[in-house]
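Enquirer: Handing over query01.cif, mmCIF, N, CA and C atoms and all ligand atoms.
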data_input
loop_
_atom_site.label_atom_id
_atom_site.label_comp_id
_atom_site.auth_asym_id
_atom_site.auth_seq_id
_atom_site.Cartn_x
_atom_site.Cartn_y
_atom_site.Cartn_z
N MET A 231 47.48 18.22 14.32
CA MET A 231 48.72 18.63 13.66
C MET A 231 48.55 20.00 13.01
N LYS A 232 49.20 20.99 13.57
CA LYS A 232 49.10 22.33 13.00
C LYS A 232 50.28 22.59 12.08
N ASN A 233 50.00 23.13 10.91
CA ASN A 233 51.09 23.46 10.00
C ASN A 233 51.80 24.70 10.52
N ASN A 234 53.10 24.69 10.45
CA ASN A 234 53.82 25.87 10.91
C ASN A 234 54.80 26.43 9.88
N CYS A 235 54.82 25.82 8.70
CA CYS A 235 55.69 26.39 7.67
C CYS A 235 55.25 25.88 6.30
N PHE A 236 55.95 26.30 5.28
CA PHE A 236 55.66 25.84 3.93
C PHE A 236 56.89 25.11 3.41
N CYS A 237 56.63 24.13 2.54
CA CYS A 237 57.74 23.45 1.89
C CYS A 237 58.45 24.46 0.99
N ALA A 238 59.78 24.49 1.05
CA ALA A 238 60.54 25.46 0.27
C ALA A 238 60.48 25.14 -1.21
N PHE A 239 60.06 23.92 -1.55
CA PHE A 239 60.06 23.53 -2.96
C PHE A 239 58.64 23.53 -3.55
N CYS A 240 57.72 22.79 -2.94
CA CYS A 240 56.38 22.68 -3.54
C CYS A 240 55.37 23.61 -2.87
N ARG A 241 55.79 24.34 -1.86
CA ARG A 241 54.96 25.35 -1.20
C ARG A 241 53.74 24.78 -0.49
N THR A 242 53.73 23.50 -0.21
CA THR A 242 52.64 22.91 0.55
C THR A 242 52.77 23.32 2.02
N PRO A 243 51.67 23.76 2.63
CA PRO A 243 51.75 24.06 4.07
C PRO A 243 52.06 22.78 4.83
N ARG A 244 53.01 22.83 5.73
CA ARG A 244 53.39 21.61 6.43
C ARG A 244 53.91 21.92 7.83
N ARG A 245 54.28 20.86 8.50
CA ARG A 245 54.69 21.01 9.90
C ARG A 245 56.05 20.40 10.13
N ILE A 246 56.90 21.14 10.81
CA ILE A 246 58.19 20.63 11.24
C ILE A 246 58.24 20.80 12.75
N TYR A 247 58.68 19.78 13.46
CA TYR A 247 58.82 19.90 14.91
C TYR A 247 59.80 21.01 15.22
N LYS A 248 59.41 21.90 16.12
CA LYS A 248 60.29 23.02 16.45
C LYS A 248 61.45 22.56 17.31
N ARG A 249 61.15 21.63 18.21
CA ARG A 249 62.16 21.23 19.18
C ARG A 249 63.18 20.29 18.53
N ARG A 250 64.46 20.68 18.65
CA ARG A 250 65.53 19.85 18.10
C ARG A 250 66.30 19.15 19.19
N ASN A 251 66.26 19.71 20.39
CA ASN A 251 67.04 19.15 21.50
C ASN A 251 66.16 19.03 22.72
N ILE A 252 66.68 18.36 23.69
CA ILE A 252 65.99 18.11 24.95
C ILE A 252 65.68 19.44 25.64
N GLY A 253 64.54 19.51 26.32
CA GLY A 253 64.15 20.73 27.02
C GLY A 253 63.90 20.44 28.49
N LEU A 254 63.53 21.50 29.19
CA LEU A 254 63.31 21.37 30.63
C LEU A 254 62.21 20.35 30.94
N ILE A 255 61.14 20.36 30.14
CA ILE A 255 60.03 19.43 30.37
C ILE A 255 60.51 17.99 30.21
N ASN A 256 61.30 17.74 29.17
CA ASN A 256 61.81 16.37 28.94
C ASN A 256 62.70 15.93 30.08
N ILE A 257 63.52 16.88 30.60
CA ILE A 257 64.42 16.55 31.70
C ILE A 257 63.61 16.18 32.94
N SER A 258 62.54 16.96 33.21
CA SER A 258 61.75 16.65 34.41
C SER A 258 61.01 15.32 34.24
N TYR A 259 60.54 15.03 33.02
CA TYR A 259 59.90 13.73 32.79
C TYR A 259 60.89 12.59 33.00
N ALA A 260 62.11 12.78 32.51
CA ALA A 260 63.13 11.75 32.67
C ALA A 260 63.44 11.54 34.15
N ALA A 261 63.49 12.65 34.92
CA ALA A 261 63.75 12.55 36.36
C ALA A 261 62.63 11.80 37.05
N LEU A 262 61.40 12.15 36.70
CA LEU A 262 60.22 11.50 37.28
C LEU A 262 60.22 10.01 36.98
N ALA A 263 60.48 9.68 35.72
CA ALA A 263 60.48 8.28 35.30
C ALA A 263 61.58 7.50 36.01
N SER A 264 62.75 8.13 36.16
CA SER A 264 63.84 7.39 36.81
C SER A 264 63.56 7.17 38.30
N VAL A 265 62.90 8.15 38.96
CA VAL A 265 62.52 7.96 40.37
C VAL A 265 61.51 6.81 40.47
N LEU A 266 60.59 6.78 39.54
CA LEU A 266 59.59 5.71 39.51
C LEU A 266 60.25 4.34 39.35
N VAL A 267 61.18 4.27 38.40
CA VAL A 267 61.91 3.02 38.14
C VAL A 267 62.71 2.63 39.38
N MET A 268 63.32 3.64 40.02
CA MET A 268 64.11 3.38 41.23
C MET A 268 63.26 2.70 42.30
N TYR A 269 62.06 3.24 42.55
CA TYR A 269 61.20 2.65 43.59
C TYR A 269 60.67 1.29 43.16
N LEU A 270 60.48 1.10 41.87
CA LEU A 270 60.00 -0.20 41.38
C LEU A 270 61.07 -1.28 41.57
N ILE A 271 62.32 -0.91 41.31
CA ILE A 271 63.38 -1.92 41.35
C ILE A 271 63.94 -2.07 42.77
N TRP A 272 64.33 -0.94 43.39
CA TRP A 272 65.07 -1.03 44.67
C TRP A 272 64.20 -0.72 45.89
N LYS A 273 62.96 -0.29 45.67
CA LYS A 273 61.99 -0.01 46.75
C LYS A 273 62.35 1.15 47.67
N SER A 274 63.50 1.75 47.50
CA SER A 274 63.85 2.92 48.31
C SER A 274 64.87 3.74 47.53
N PHE A 275 65.36 4.82 48.13
CA PHE A 275 66.33 5.64 47.41
C PHE A 275 67.61 4.86 47.17
N ASP A 276 68.09 4.96 45.96
CA ASP A 276 69.32 4.24 45.60
C ASP A 276 70.13 5.13 44.68
N PRO A 277 71.43 5.32 44.94
CA PRO A 277 72.23 6.23 44.10
C PRO A 277 72.31 5.78 42.64
N ARG A 278 71.99 4.52 42.38
CA ARG A 278 72.02 4.06 40.98
C ARG A 278 70.97 4.78 40.12
N VAL A 279 70.07 5.49 40.79
CA VAL A 279 69.04 6.24 40.07
C VAL A 279 69.67 7.24 39.11
N LEU A 280 70.85 7.73 39.48
CA LEU A 280 71.52 8.71 38.61
C LEU A 280 71.88 8.10 37.26
N MET A 281 72.27 6.83 37.29
CA MET A 281 72.60 6.15 36.04
C MET A 281 71.36 5.96 35.18
N VAL A 282 70.27 5.56 35.83
CA VAL A 282 69.00 5.40 35.12
C VAL A 282 68.60 6.73 34.50
N PHE A 283 68.75 7.79 35.29
CA PHE A 283 68.40 9.13 34.83
C PHE A 283 69.22 9.51 33.59
N ALA A 284 70.53 9.23 33.64
CA ALA A 284 71.40 9.55 32.50
C ALA A 284 70.97 8.78 31.26
N VAL A 285 70.63 7.51 31.42
CA VAL A 285 70.18 6.70 30.27
C VAL A 285 68.89 7.28 29.70
N PHE A 286 67.95 7.62 30.57
CA PHE A 286 66.68 8.20 30.12
C PHE A 286 66.92 9.50 29.37
N LEU A 287 67.83 10.33 29.90
CA LEU A 287 68.13 11.61 29.24
C LEU A 287 68.69 11.37 27.84
N ALA A 288 69.62 10.42 27.76
CA ALA A 288 70.24 10.14 26.46
C ALA A 288 69.19 9.64 25.47
N LEU A 289 68.34 8.73 25.94
CA LEU A 289 67.31 8.19 25.05
C LEU A 289 66.35 9.28 24.58
N THR A 290 65.96 10.16 25.52
CA THR A 290 65.05 11.25 25.16
C THR A 290 65.69 12.15 24.12
N GLU A 291 66.95 12.47 24.33
CA GLU A 291 67.65 13.34 23.39
C GLU A 291 67.69 12.71 21.99
N VAL A 292 68.04 11.44 21.93
CA VAL A 292 68.10 10.74 20.64
C VAL A 292 66.72 10.73 19.98
N PHE A 293 65.70 10.43 20.79
CA PHE A 293 64.34 10.38 20.26
C PHE A 293 63.92 11.73 19.69
N ILE A 294 64.20 12.81 20.42
CA ILE A 294 63.77 14.14 19.97
C ILE A 294 64.51 14.54 18.70
N GLN A 295 65.81 14.24 18.66
CA GLN A 295 66.57 14.57 17.45
C GLN A 295 66.08 13.79 16.24
N LEU A 296 65.80 12.50 16.44
CA LEU A 296 65.30 11.67 15.34
C LEU A 296 63.94 12.17 14.86
N ARG A 297 63.07 12.49 15.83
CA ARG A 297 61.73 12.96 15.49
C ARG A 297 61.82 14.24 14.66
N TRP A 298 62.72 15.14 15.09
CA TRP A 298 62.88 16.39 14.35
C TRP A 298 63.39 16.10 12.93
N ARG A 299 64.44 15.25 12.86
CA ARG A 299 65.05 14.97 11.56
C ARG A 299 64.05 14.31 10.60
N MET A 300 63.19 13.44 11.14
CA MET A 300 62.20 12.76 10.30
C MET A 300 61.11 13.72 9.84
N SER A 301 60.87 14.80 10.61
CA SER A 301 59.80 15.71 10.25
C SER A 301 60.25 16.74 9.23
N VAL A 302 61.57 16.80 8.95
CA VAL A 302 62.09 17.84 8.06
C VAL A 302 61.74 17.62 6.58
N PRO A 303 61.95 16.43 6.01
CA PRO A 303 61.64 16.27 4.57
C PRO A 303 60.14 16.41 4.30
N CYS A 304 59.81 17.04 3.17
CA CYS A 304 58.41 17.25 2.80
C CYS A 304 57.81 15.91 2.37
N ARG A 305 56.61 15.60 2.89
CA ARG A 305 55.98 14.33 2.53
C ARG A 305 55.35 14.38 1.14
N GLN A 306 55.10 15.58 0.66
CA GLN A 306 54.47 15.70 -0.66
C GLN A 306 55.47 15.56 -1.80
N CYS A 307 56.57 16.30 -1.71
CA CYS A 307 57.51 16.29 -2.84
C CYS A 307 58.84 15.63 -2.49
N GLY A 308 59.08 15.36 -1.21
CA GLY A 308 60.32 14.69 -0.82
C GLY A 308 61.51 15.63 -0.65
N PHE A 309 61.25 16.92 -0.69
CA PHE A 309 62.36 17.87 -0.54
C PHE A 309 62.86 17.87 0.90
N ASP A 310 64.17 17.74 1.06
CA ASP A 310 64.79 17.68 2.39
C ASP A 310 65.77 18.85 2.55
N PRO A 311 65.36 19.94 3.22
CA PRO A 311 66.22 21.13 3.32
C PRO A 311 67.56 20.84 3.99
N VAL A 312 67.57 19.94 4.98
CA VAL A 312 68.84 19.65 5.67
C VAL A 312 69.82 18.99 4.72
N LEU A 313 69.31 18.04 3.94
CA LEU A 313 70.16 17.37 2.96
C LEU A 313 70.59 18.36 1.88
N TYR A 314 69.70 19.27 1.52
CA TYR A 314 70.01 20.24 0.47
C TYR A 314 71.21 21.10 0.86
N ILE A 315 71.28 21.47 2.13
CA ILE A 315 72.41 22.29 2.59
C ILE A 315 73.71 21.49 2.51
N LYS A 316 73.63 20.20 2.84
CA LYS A 316 74.83 19.37 2.84
C LYS A 316 75.23 18.93 1.44
N ASP A 317 74.25 18.48 0.66
CA ASP A 317 74.56 17.86 -0.62
C ASP A 317 73.40 18.09 -1.60
N GLN A 318 73.56 19.12 -2.45
CA GLN A 318 72.46 19.49 -3.34
C GLN A 318 72.10 18.38 -4.32
N GLU A 319 73.13 17.72 -4.86
CA GLU A 319 72.88 16.68 -5.87
C GLU A 319 72.00 15.57 -5.28
N ARG A 320 72.33 15.16 -4.07
CA ARG A 320 71.57 14.08 -3.46
C ARG A 320 70.14 14.52 -3.14
N ALA A 321 69.98 15.79 -2.75
CA ALA A 321 68.64 16.31 -2.47
C ALA A 321 67.80 16.29 -3.75
N VAL A 322 68.42 16.67 -4.86
CA VAL A 322 67.73 16.66 -6.15
C VAL A 322 67.31 15.23 -6.51
N GLU A 323 68.25 14.29 -6.31
CA GLU A 323 67.97 12.88 -6.59
C GLU A 323 66.76 12.40 -5.79
N LYS A 324 66.75 12.77 -4.51
CA LYS A 324 65.67 12.31 -3.63
C LYS A 324 64.32 12.84 -4.10
N VAL A 325 64.29 14.12 -4.47
CA VAL A 325 63.03 14.72 -4.92
C VAL A 325 62.58 14.05 -6.22
N THR A 326 63.52 13.83 -7.15
CA THR A 326 63.19 13.20 -8.42
C THR A 326 62.58 11.82 -8.18
N LEU A 327 63.23 11.05 -7.31
CA LEU A 327 62.74 9.70 -6.98
C LEU A 327 61.34 9.77 -6.37
N HIS A 328 61.18 10.70 -5.43
CA HIS A 328 59.91 10.82 -4.72
C HIS A 328 58.79 11.20 -5.69
N LEU A 329 59.08 12.15 -6.57
CA LEU A 329 58.05 12.59 -7.52
C LEU A 329 57.69 11.47 -8.49
N LYS A 330 58.70 10.67 -8.84
CA LYS A 330 58.45 9.54 -9.75
C LYS A 330 57.53 8.52 -9.08
N SER A 331 57.84 8.18 -7.84
CA SER A 331 57.01 7.19 -7.17
C SER A 331 55.62 7.75 -6.88
N ARG A 332 55.55 9.06 -6.68
CA ARG A 332 54.26 9.70 -6.46
C ARG A 332 53.40 9.59 -7.73
N LYS A 333 54.05 9.77 -8.86
CA LYS A 333 53.35 9.68 -10.13
C LYS A 333 52.80 8.28 -10.36
N GLU A 334 53.60 7.28 -9.95
CA GLU A 334 53.21 5.89 -10.21
C GLU A 334 52.20 5.37 -9.21
N ASN A 335 52.05 6.04 -8.09
CA ASN A 335 51.13 5.59 -7.07
C ASN A 335 49.69 5.94 -7.46
N PRO A 336 48.82 4.94 -7.64
CA PRO A 336 47.44 5.23 -8.09
C PRO A 336 46.66 6.08 -7.08
N ASN A 337 47.08 6.07 -5.83
CA ASN A 337 46.37 6.88 -4.83
C ASN A 337 46.47 8.37 -5.14
N ASN A 338 47.50 8.73 -5.90
CA ASN A 338 47.71 10.15 -6.16
C ASN A 338 47.09 10.61 -7.48
N LEU A 339 46.35 9.72 -8.13
CA LEU A 339 45.76 10.08 -9.43
C LEU A 339 44.86 11.30 -9.31
N LEU A 340 44.07 11.33 -8.24
CA LEU A 340 43.12 12.43 -8.09
C LEU A 340 43.61 13.49 -7.10
N ALA A 341 44.83 13.31 -6.64
CA ALA A 341 45.35 14.27 -5.66
C ALA A 341 45.59 15.62 -6.32
N LYS A 342 45.59 16.63 -5.48
CA LYS A 342 45.86 17.98 -5.98
C LYS A 342 47.29 18.02 -6.52
N PRO A 343 47.48 18.53 -7.72
CA PRO A 343 48.85 18.59 -8.24
C PRO A 343 49.72 19.50 -7.39
N LEU A 344 50.98 19.15 -7.30
CA LEU A 344 51.89 19.96 -6.49
C LEU A 344 52.21 21.26 -7.21
N ASN A 345 52.40 22.27 -6.40
CA ASN A 345 52.71 23.60 -6.93
C ASN A 345 54.23 23.72 -7.09
N LEU A 346 54.75 22.99 -8.08
CA LEU A 346 56.21 22.96 -8.24
C LEU A 346 56.69 24.20 -8.98
N PRO A 347 57.86 24.68 -8.61
CA PRO A 347 58.38 25.86 -9.31
C PRO A 347 58.69 25.50 -10.76
N SER A 348 58.33 26.38 -11.67
CA SER A 348 58.66 26.12 -13.06
C SER A 348 59.68 27.15 -13.51
N ILE A 349 60.59 26.73 -14.34
CA ILE A 349 61.58 27.68 -14.84
C ILE A 349 61.57 27.64 -16.36
N SER A 350 61.92 28.77 -16.94
CA SER A 350 61.92 28.87 -18.40
C SER A 350 63.11 28.10 -18.97
N ARG A 351 63.05 27.85 -20.28
CA ARG A 351 64.16 27.15 -20.93
C ARG A 351 65.47 27.92 -20.74
N GLU A 352 65.38 29.23 -20.84
CA GLU A 352 66.56 30.08 -20.68
C GLU A 352 67.23 29.87 -19.32
N LYS A 353 66.39 29.87 -18.28
CA LYS A 353 66.91 29.69 -16.93
C LYS A 353 67.47 28.28 -16.75
N SER A 354 66.77 27.31 -17.32
CA SER A 354 67.21 25.93 -17.19
C SER A 354 68.57 25.74 -17.83
N GLU A 355 68.77 26.39 -18.98
CA GLU A 355 70.06 26.30 -19.65
C GLU A 355 71.15 26.99 -18.82
N ALA A 356 70.78 28.09 -18.21
CA ALA A 356 71.74 28.81 -17.37
C ALA A 356 72.16 27.95 -16.18
N LEU A 357 71.21 27.16 -15.68
CA LEU A 357 71.53 26.29 -14.55
C LEU A 357 72.50 25.19 -14.95
N GLN A 358 72.34 24.71 -16.19
CA GLN A 358 73.23 23.66 -16.68
C GLN A 358 74.62 24.23 -16.94
N ASN A 359 74.63 25.47 -17.40
CA ASN A 359 75.88 26.11 -17.78
C ASN A 359 76.48 26.84 -16.59
N LYS A 360 77.57 26.32 -16.09
CA LYS A 360 78.11 26.83 -14.83
C LYS A 360 78.60 28.28 -14.93
N GLU A 361 79.04 28.71 -16.12
CA GLU A 361 79.56 30.09 -16.23
C GLU A 361 78.45 31.13 -16.06
N LYS A 362 77.27 30.77 -16.55
CA LYS A 362 76.17 31.73 -16.47
C LYS A 362 75.51 31.73 -15.10
N ARG A 363 75.80 30.71 -14.33
CA ARG A 363 75.20 30.58 -13.02
C ARG A 363 75.43 31.83 -12.20
N GLY A 364 74.42 32.24 -11.47
CA GLY A 364 74.62 33.37 -10.60
C GLY A 364 74.14 34.65 -11.24
N THR A 365 74.52 34.89 -12.50
CA THR A 365 74.10 36.14 -13.10
C THR A 365 72.62 36.10 -13.42
N LEU A 366 72.18 34.99 -14.00
CA LEU A 366 70.78 34.90 -14.42
C LEU A 366 69.93 34.26 -13.35
N VAL A 367 70.49 33.26 -12.69
CA VAL A 367 69.66 32.41 -11.84
C VAL A 367 69.43 32.98 -10.45
N SER A 368 70.45 33.57 -9.86
CA SER A 368 70.33 33.92 -8.45
C SER A 368 69.21 34.89 -8.17
N ARG A 369 68.91 35.77 -9.13
CA ARG A 369 67.86 36.74 -8.89
C ARG A 369 66.47 36.08 -8.83
N GLN A 370 66.32 35.00 -9.59
CA GLN A 370 64.98 34.44 -9.72
C GLN A 370 64.68 33.30 -8.77
N ILE A 371 65.68 32.67 -8.23
CA ILE A 371 65.39 31.54 -7.34
C ILE A 371 65.15 32.04 -5.93
ZN ZN B 1 57.32 19.81 -0.74
#
Written as C-alpha cells, how would this file's structure read?
Ligand SMILES: [Zn+2]
Expert:
Amino acid sequence: MKNNCFCAFCRTPRRIYKRRNIGLINISYAALASVLVMYLIWKSFDPRVLMVFAVFLALTEVFIQLRWRMSVPCRQCGFDPVLYIKDQERAVEKVTLHLKSRKENPNNLLAKPLNLPSISREKSEALQNKEKRGTLVSRQI
C-alpha cells in the first residue's frame, strides 16, 4: 500500500484509490470472465453472453465506486472530504465521534498523536460568529 496523499485534516500520509470508475482493464476482465462463464454454462458461443457481460460490467462498476468511496475517509481522524463538500456539519460530527472513540480505544494509548490543526481562541470565536467569518478565518484555513 503506497501512500499517495495526505489527510486534509490531520496531515497523516495516506492512500486513496485513484480509480473512481470502470477502466479498459476492468472491461477486458469482465469480457474474459463472461466468455469463460459462457463456455462453462452453454459449452459454445451463445448470444446470452452479452447479458452476462453487462451484469459483470455493472458489478465491476459498483465495486470500484464503493472501493473508492470507502478509501476516501481518513482512518486516523475520520475526516471525510466527500462528506465535507456535501455537508460540513455532518463531517464535523463524524470526526468528533471518531476522535472520541480513538481516545477511548486502549490500542491508541501509545499511538503517535495526530497532528491536528490548532486554532487560537480569537479564530475559534470568529468561527462561531458568522459575521466575522471570512474576514479573519479564510486567510488562515
Ligand atoms: Zn486524518
Enquirer: Which residues are near ligand ZN 1 (chain B) in this structure, taking near to mean any atom at most 7 Å from a ligand atom and counting all atoms listed in the file? Format them as a PyMOL selection string.
Expert: chain A and resi 236-242+303-309
Enquirer: Just how far from CA of Ser258 (chain A) is CA of Ser301 (chain A), in Å to one decimal?
Expert: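 Rounded to one decimal, the two atoms are 24.3 Å apart.
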Enquirer: Do a neighbour search on region 260-266 of chain A at 6.5 Å with all atoms listed in the file, toss out local chain neighbours closer than 2 positions, and write the hits as a PyMOL selection string.
Expert: chain A and resi 255-258+268-271+279+282-283+286-287
Enquirer: With only C-alpha atoms as the counted atoms, please give the residues lying no more than 9 Å from region 295-300 of chain A, apart from itself and same-chain residues fewer than 2 positions off, as a PyMOL selection string.
Expert: chain A and resi 246-252+290-293+302-303+312
Enquirer: Output the selection as a tab-separated table (two decimals), in the coordinates of the input - N, CA and C atoms for each residue.
Expert:
chain	number	residue	atom	x	y	z
A	246	ILE	N	56.90	21.14	10.81
A	246	ILE	CA	58.19	20.63	11.24
A	246	ILE	C	58.24	20.80	12.75
A	247	TYR	N	58.68	19.78	13.46
A	247	TYR	CA	58.82	19.90	14.91
A	247	TYR	C	59.80	21.01	15.22
A	248	LYS	N	59.41	21.90	16.12
A	248	LYS	CA	60.29	23.02	16.45
A	248	LYS	C	61.45	22.56	17.31
A	249	ARG	N	61.15	21.63	18.21
A	249	ARG	CA	62.16	21.23	19.18
A	249	ARG	C	63.18	20.29	18.53
A	250	ARG	N	64.46	20.68	18.65
A	250	ARG	CA	65.53	19.85	18.10
A	250	ARG	C	66.30	19.15	19.19
A	251	ASN	N	66.26	19.71	20.39
A	251	ASN	CA	67.04	19.15	21.50
A	251	ASN	C	66.16	19.03	22.72
A	252	ILE	N	66.68	18.36	23.69
A	252	ILE	CA	65.99	18.11	24.95
A	252	ILE	C	65.68	19.44	25.64
A	290	THR	N	65.96	10.16	25.52
A	290	THR	CA	65.05	11.25	25.16
A	290	THR	C	65.69	12.15	24.12
A	291	GLU	N	66.95	12.47	24.33
A	291	GLU	CA	67.65	13.34	23.39
A	291	GLU	C	67.69	12.71	21.99
A	292	VAL	N	68.04	11.44	21.93
A	292	VAL	CA	68.10	10.74	20.64
A	292	VAL	C	66.72	10.73	19.98
A	293	PHE	N	65.70	10.43	20.79
A	293	PHE	CA	64.34	10.38	20.26
A	293	PHE	C	63.92	11.73	19.69
A	302	VAL	N	61.57	16.80	8.95
A	302	VAL	CA	62.09	17.84	8.06
A	302	VAL	C	61.74	17.62	6.58
A	303	PRO	N	61.95	16.43	6.01
A	303	PRO	CA	61.64	16.27	4.57
A	303	PRO	C	60.14	16.41	4.30
A	312	VAL	N	67.57	19.94	4.98
A	312	VAL	CA	68.84	19.65	5.67
A	312	VAL	C	69.82	18.99	4.72
Enquirer: Which polymer residues, protein or nucleic acid, are no farther than 7 Å from (64.3, 18.1, -4.5), counting only C-alpha atoms, as a VMD selection string?
Expert: chain A and resid 308 to 310 321 to 326
